[in-house]
Amino acid sequence: MTPRLRWIEHLSPAYALSVALRRDVLRKPLGLEFTEAQLGSESNSLHLTAWEEDVLLGTLLLTPLDGGSIQMRQVAVDDAKQRLGIGRLLVAESEAEAVRRGFSRIMLHARDSAVGFYLKLGYRPVGDEFVEVGVKHQEMEKRLQGP
Ligand SMILES: CC(C)(COP(=O)(O)OP(=O)(O)OC[C@H]1O[C@@H](n2cnc3c(N)ncnc32)[C@H](O)[C@@H]1OP(=O)(O)O)[C@@H](O)C(=O)NCCC(=O)NCCS
């Protein structure tokens, strides 16, 4: 199975599905919900999704920062579809899109449990661990090579 990747619009029907997936994979296990303000603030982010037919398998956000960096956030793959290469595909497409848009660096806040995933994809830890949404995190980054 090779998932189809698609960039989607904020507040589109596909975006609603991606929020539901993020809620299931990232928020519910922590007993948290998204606020209207959080979702509203995602209008300035790029939204990537992975599909098998019309079933959403995974998603992530890219949020432009100042100084040539872009932040990868909310990386989530359906619990039943993890470890099948979908996360790797989403990250690879994100890096390609970031380069196309002229960014030279991707940074992210990795949950402790996901640090090994990002290490495999060439990200390196920056600074000390910290706590976010009640979970230990590590900032990580990757410098991007232009074409
Ligand atoms: C973390 C996550 C996005 C990875 O996506 P995925 O589709 O499961 O990962 P892939 O199958 O593409 O894995 C790529 C490589 O990373 C490894 N890997 C995947 N998840 C890993 C993890 N949590 N820890 C260590 N290695 C991991 C895979 O084994 C694979 O290695 P290989 O190429 O040697 O076989 C996904 O498991 C997920 O949604 N987890 C729950 C939510 C979460 O933690 N999101 C990240 C928040 S920062």
# chains A, B, ... in the order shown; residues from 1 in each chain; ligands from 1

call {"tool": "residues_around", "arguments": {"residues": "Met140 of chain A", "least_positions_apart": "6", "cutoff": "9 Å", "atoms": "only C-alpha atoms", "output": "list in words"}}
result
Ile106, Met107, Leu108, His109, Ala110, Val115, Tyr118, Leu119, Tyr123, Arg124, Pro125, Val126 and Gly127 of chain A

call {"tool": "select_by_dssp", "arguments": {"residues": "chain A", "states": "helix (DSSP H, G or I)", "output": "ChimeraX atom specification"}}
result
/A:13-30,36-44,79-81,86-100,112-120

call {"tool": "residues_around", "arguments": {"residues": "Leu65 of chain A", "least_positions_apart": "5", "cutoff": "12 Å", "atoms": "only C-alpha atoms", "output": "list in words"}}
result
Asn44, Ser45, Ile70, Gln71, Met72, Ala98, Phe103, Ser104, Arg105, Ile106, Met107 and Leu108 of chain A

call {"tool": "write_last_selection", "arguments": {"atoms": "C-alpha atoms", "output": "tab-separated table (two decimals), in the first residue's frame"}}
result
chain	number	residue	atom	x	y	z
A	44	ASN	CA	-1.37	30.20	8.69
A	45	SER	CA	-0.08	26.60	8.62
A	70	ILE	CA	9.46	26.15	9.62
A	71	GLN	CA	7.98	24.14	12.51
A	72	MET	CA	6.60	20.63	12.00
A	98	ALA	CA	9.79	23.42	2.81
A	103	PHE	CA	13.00	27.38	4.10
A	104	SER	CA	16.44	26.19	5.22
A	105	ARG	CA	15.57	24.49	8.50
A	106	ILE	CA	12.77	22.40	10.02
A	107	MET	CA	12.38	22.33	13.79
A	108	LEU	CA	9.92	20.46	16.00

call {"tool": "residues_near_ligand", "arguments": {"ligand": "ligand 1", "cutoff": "9 Å", "atoms": "only C-alpha atoms and all ligand atoms", "output": "number ranges by chain"}}
result
A: 22, 25-26, 57-60, 72-79, 81-91, 108-121, 137-138

call {"tool": "closest_residue", "arguments": {"among": "A:Leu61, A:Asp24, A:Leu56, A:Gly122", "to": "Ser94 of chain A", "atoms": "only C-alpha atoms"}}
result
A:Leu61

call {"tool": "select_by_dssp", "arguments": {"residues": "segment 53-106 of chain A", "states": "strand (DSSP E)", "output": "list in words"}}
result
Val55, Leu56, Leu57, Gly58, Thr59, Leu60, Leu61, Leu62, Thr63, Pro64, Ser69, Ile70, Gln71, Met72, Arg73, Gln74, Val75, Ala76, Val77, Arg105 and Ile106 of chain A

call {"tool": "write_last_selection", "arguments": {"atoms": "C-alpha atoms", "output": "short mmCIF file (atom, residue, chain, number, x, y, z; two decimals), in the first residue's frame"}}
result
data_model
loop_
_atom_site.label_atom_id
_atom_site.label_comp_id
_atom_site.auth_asym_id
_atom_site.auth_seq_id
_atom_site.Cartn_x
_atom_site.Cartn_y
_atom_site.Cartn_z
CA VAL A 55 -9.54 6.86 4.36
CA LEU A 56 -7.26 9.31 6.16
CA LEU A 57 -4.14 7.56 7.50
CA GLY A 58 -1.98 10.38 8.78
CA THR A 59 -1.46 14.12 8.91
CA LEU A 60 0.86 16.92 10.04
CA LEU A 61 1.16 20.72 10.04
CA LEU A 62 3.96 23.02 8.99
CA THR A 63 4.00 26.48 10.57
CA PRO A 64 6.35 29.12 9.09
CA SER A 69 12.73 28.07 9.71
CA ILE A 70 9.46 26.15 9.62
CA GLN A 71 7.98 24.14 12.51
CA MET A 72 6.60 20.63 12.00
CA ARG A 73 3.70 20.03 14.39
CA GLN A 74 0.94 17.59 15.23
CA VAL A 75 2.43 14.62 13.37
CA ALA A 76 -0.12 11.83 13.74
CA VAL A 77 -0.61 8.44 12.07
CA ARG A 105 15.57 24.49 8.50
CA ILE A 106 12.77 22.40 10.02
#

call {"tool": "atom_distance", "arguments": {"atom1": "atom CA of Ala96 of chain A", "atom2": "atom CA of Ser12 of chain A"}}
result
23.3 Å

call {"tool": "closest_residue", "arguments": {"among": "A:Ala80, A:Ile8, A:Leu32, A:Leu17", "to": "His47 of chain A", "atoms": "only C-alpha atoms"}}
result
A:Ile8

call {"tool": "closest_residue", "arguments": {"among": "A:His10, A:Gly67, A:Met1, A:Glu97", "to": "Ala50 of chain A", "atoms": "only C-alpha atoms"}}
result
A:Met1

call {"tool": "residues_around", "arguments": {"residues": "Ser43 of chain A", "least_positions_apart": "2", "cutoff": "9 Å", "atoms": "only C-alpha atoms", "output": "JSON list (two decimals) with C-alpha atoms, in the first residue's frame"}}
result
[["chain", "number", "residue", "atom", "x", "y", "z"],
["A", 9, "GLU", "CA", -7.01, 23.72, 2.99],
["A", 10, "HIS", "CA", -7.67, 24.95, 6.52],
["A", 11, "LEU", "CA", -11.39, 24.46, 7.39],
["A", 39, "LEU", "CA", -7.79, 25.48, 15.50],
["A", 40, "GLY", "CA", -8.38, 29.06, 14.31],
["A", 41, "SER", "CA", -4.67, 29.81, 14.67],
["A", 45, "SER", "CA", -0.08, 26.60, 8.62],
["A", 46, "LEU", "CA", 0.30, 24.14, 5.76]]

call {"tool": "atom_distance", "arguments": {"atom1": "atom CA of Phe130 of chain A", "atom2": "atom CA of Arg23 of chain A"}}
result
22.2 Å

call {"tool": "closest_residue", "arguments": {"among": "A:Glu42, A:Arg27, A:Glu36, A:Leu48", "to": "Val135 of chain A", "atoms": "only C-alpha atoms"}}
result
A:Arg27

call {"tool": "atom_distance", "arguments": {"atom1": "atom CA of Trp51 of chain A", "atom2": "atom CA of Glu95 of chain A"}}
result
18.6 Å

call {"tool": "closest_residue", "arguments": {"among": "A:Pro13, A:Gly31, A:Gly68, A:Pro3", "to": "Gly134 of chain A", "atoms": "only C-alpha atoms"}}
result
A:Gly31

call {"tool": "decode", "arguments": {"residues": "segment 21-118 of chain A", "atoms": "C-alpha atoms", "output": "mmCIF file, in the first residue's frame"}}
result
data_model
loop_
_atom_site.group_PDB
_atom_site.id
_atom_site.type_symbol
_atom_site.label_atom_id
_atom_site.label_comp_id
_atom_site.auth_asym_id
_atom_site.auth_seq_id
_atom_site.Cartn_x
_atom_site.Cartn_y
_atom_site.Cartn_z
ATOM 1 C CA LEU A 21 -7.432 12.036 13.594
ATOM 2 C CA ARG A 22 -5.156 14.366 15.585
ATOM 3 C CA ARG A 23 -7.715 14.434 18.378
ATOM 4 C CA ASP A 24 -7.758 10.602 18.535
ATOM 5 C CA VAL A 25 -3.991 10.074 18.239
ATOM 6 C CA LEU A 26 -2.537 13.080 20.060
ATOM 7 C CA ARG A 27 -5.123 14.674 22.339
ATOM 8 C CA LYS A 28 -7.500 12.007 23.731
ATOM 9 C CA PRO A 29 -4.678 9.882 25.227
ATOM 10 C CA LEU A 30 -3.718 12.976 27.265
ATOM 11 C CA GLY A 31 -7.321 13.794 28.201
ATOM 12 C CA LEU A 32 -7.113 17.031 26.200
ATOM 13 C CA GLU A 33 -9.257 18.724 23.530
ATOM 14 C CA PHE A 34 -8.518 21.355 20.890
ATOM 15 C CA THR A 35 -9.884 24.825 21.583
ATOM 16 C CA GLU A 36 -11.536 26.943 18.886
ATOM 17 C CA ALA A 37 -8.645 29.398 19.274
ATOM 18 C CA GLN A 38 -6.050 26.662 18.663
ATOM 19 C CA LEU A 39 -7.795 25.482 15.500
ATOM 20 C CA GLY A 40 -8.380 29.059 14.311
ATOM 21 C CA SER A 41 -4.672 29.808 14.672
ATOM 22 C CA GLU A 42 -3.883 26.989 12.231
ATOM 23 C CA SER A 43 -4.980 29.110 9.261
ATOM 24 C CA ASN A 44 -1.375 30.198 8.694
ATOM 25 C CA SER A 45 -0.084 26.599 8.620
ATOM 26 C CA LEU A 46 0.304 24.143 5.759
ATOM 27 C CA HIS A 47 -1.678 20.925 6.231
ATOM 28 C CA LEU A 48 -0.469 17.619 4.782
ATOM 29 C CA THR A 49 -2.512 14.406 4.732
ATOM 30 C CA ALA A 50 -1.924 10.753 3.703
ATOM 31 C CA TRP A 51 -4.795 8.689 2.287
ATOM 32 C CA GLU A 52 -5.656 5.149 1.240
ATOM 33 C CA GLU A 53 -8.635 5.638 -1.069
ATOM 34 C CA ASP A 54 -10.841 8.009 0.973
ATOM 35 C CA VAL A 55 -9.538 6.860 4.363
ATOM 36 C CA LEU A 56 -7.264 9.311 6.162
ATOM 37 C CA LEU A 57 -4.140 7.556 7.496
ATOM 38 C CA GLY A 58 -1.980 10.383 8.780
ATOM 39 C CA THR A 59 -1.461 14.118 8.915
ATOM 40 C CA LEU A 60 0.855 16.917 10.040
ATOM 41 C CA LEU A 61 1.159 20.716 10.042
ATOM 42 C CA LEU A 62 3.962 23.025 8.989
ATOM 43 C CA THR A 63 4.001 26.483 10.567
ATOM 44 C CA PRO A 64 6.346 29.115 9.085
ATOM 45 C CA LEU A 65 8.580 30.884 11.627
ATOM 46 C CA ASP A 66 10.869 33.876 11.273
ATOM 47 C CA GLY A 67 14.424 33.479 9.990
ATOM 48 C CA GLY A 68 14.070 30.743 7.368
ATOM 49 C CA SER A 69 12.731 28.071 9.712
ATOM 50 C CA ILE A 70 9.462 26.152 9.620
ATOM 51 C CA GLN A 71 7.982 24.145 12.506
ATOM 52 C CA MET A 72 6.602 20.631 12.005
ATOM 53 C CA ARG A 73 3.701 20.027 14.385
ATOM 54 C CA GLN A 74 0.935 17.591 15.227
ATOM 55 C CA VAL A 75 2.428 14.622 13.375
ATOM 56 C CA ALA A 76 -0.123 11.830 13.736
ATOM 57 C CA VAL A 77 -0.610 8.440 12.068
ATOM 58 C CA ASP A 78 -3.731 6.329 12.731
ATOM 59 C CA ASP A 79 -2.952 3.971 15.627
ATOM 60 C CA ALA A 80 -3.693 0.916 13.429
ATOM 61 C CA LYS A 81 -1.395 2.136 10.622
ATOM 62 C CA GLN A 82 1.748 3.079 12.524
ATOM 63 C CA ARG A 83 5.177 1.612 11.672
ATOM 64 C CA LEU A 84 4.201 1.121 8.002
ATOM 65 C CA GLY A 85 6.244 4.010 6.621
ATOM 66 C CA ILE A 86 3.452 6.619 6.549
ATOM 67 C CA GLY A 87 5.152 9.000 8.996
ATOM 68 C CA ARG A 88 8.372 8.797 6.977
ATOM 69 C CA LEU A 89 6.454 9.682 3.766
ATOM 70 C CA LEU A 90 4.722 12.664 5.407
ATOM 71 C CA VAL A 91 8.013 14.018 6.757
ATOM 72 C CA ALA A 92 9.830 13.535 3.411
ATOM 73 C CA GLU A 93 7.108 15.442 1.522
ATOM 74 C CA SER A 94 7.189 18.181 4.182
ATOM 75 C CA GLU A 95 10.929 18.603 3.760
ATOM 76 C CA ALA A 96 10.553 18.801 -0.035
ATOM 77 C CA GLU A 97 7.770 21.399 0.284
ATOM 78 C CA ALA A 98 9.786 23.424 2.805
ATOM 79 C CA VAL A 99 12.717 23.524 0.355
ATOM 80 C CA ARG A 100 10.373 24.520 -2.517
ATOM 81 C CA ARG A 101 9.156 27.405 -0.339
ATOM 82 C CA GLY A 102 12.696 28.541 0.469
ATOM 83 C CA PHE A 103 12.995 27.381 4.100
ATOM 84 C CA SER A 104 16.435 26.189 5.217
ATOM 85 C CA ARG A 105 15.572 24.488 8.498
ATOM 86 C CA ILE A 106 12.766 22.401 10.022
ATOM 87 C CA MET A 107 12.377 22.328 13.794
ATOM 88 C CA LEU A 108 9.915 20.455 16.004
ATOM 89 C CA HIS A 109 9.035 19.543 19.574
ATOM 90 C CA ALA A 110 9.217 15.737 19.718
ATOM 91 C CA ARG A 111 7.404 13.775 22.359
ATOM 92 C CA ASP A 112 9.824 11.604 24.297
ATOM 93 C CA SER A 113 8.215 8.502 22.723
ATOM 94 C CA ALA A 114 8.753 9.825 19.180
ATOM 95 C CA VAL A 115 12.377 11.010 19.454
ATOM 96 C CA GLY A 116 13.625 7.700 17.949
ATOM 97 C CA PHE A 117 11.398 8.235 14.894
ATOM 98 C CA TYR A 118 12.861 11.679 14.184
#
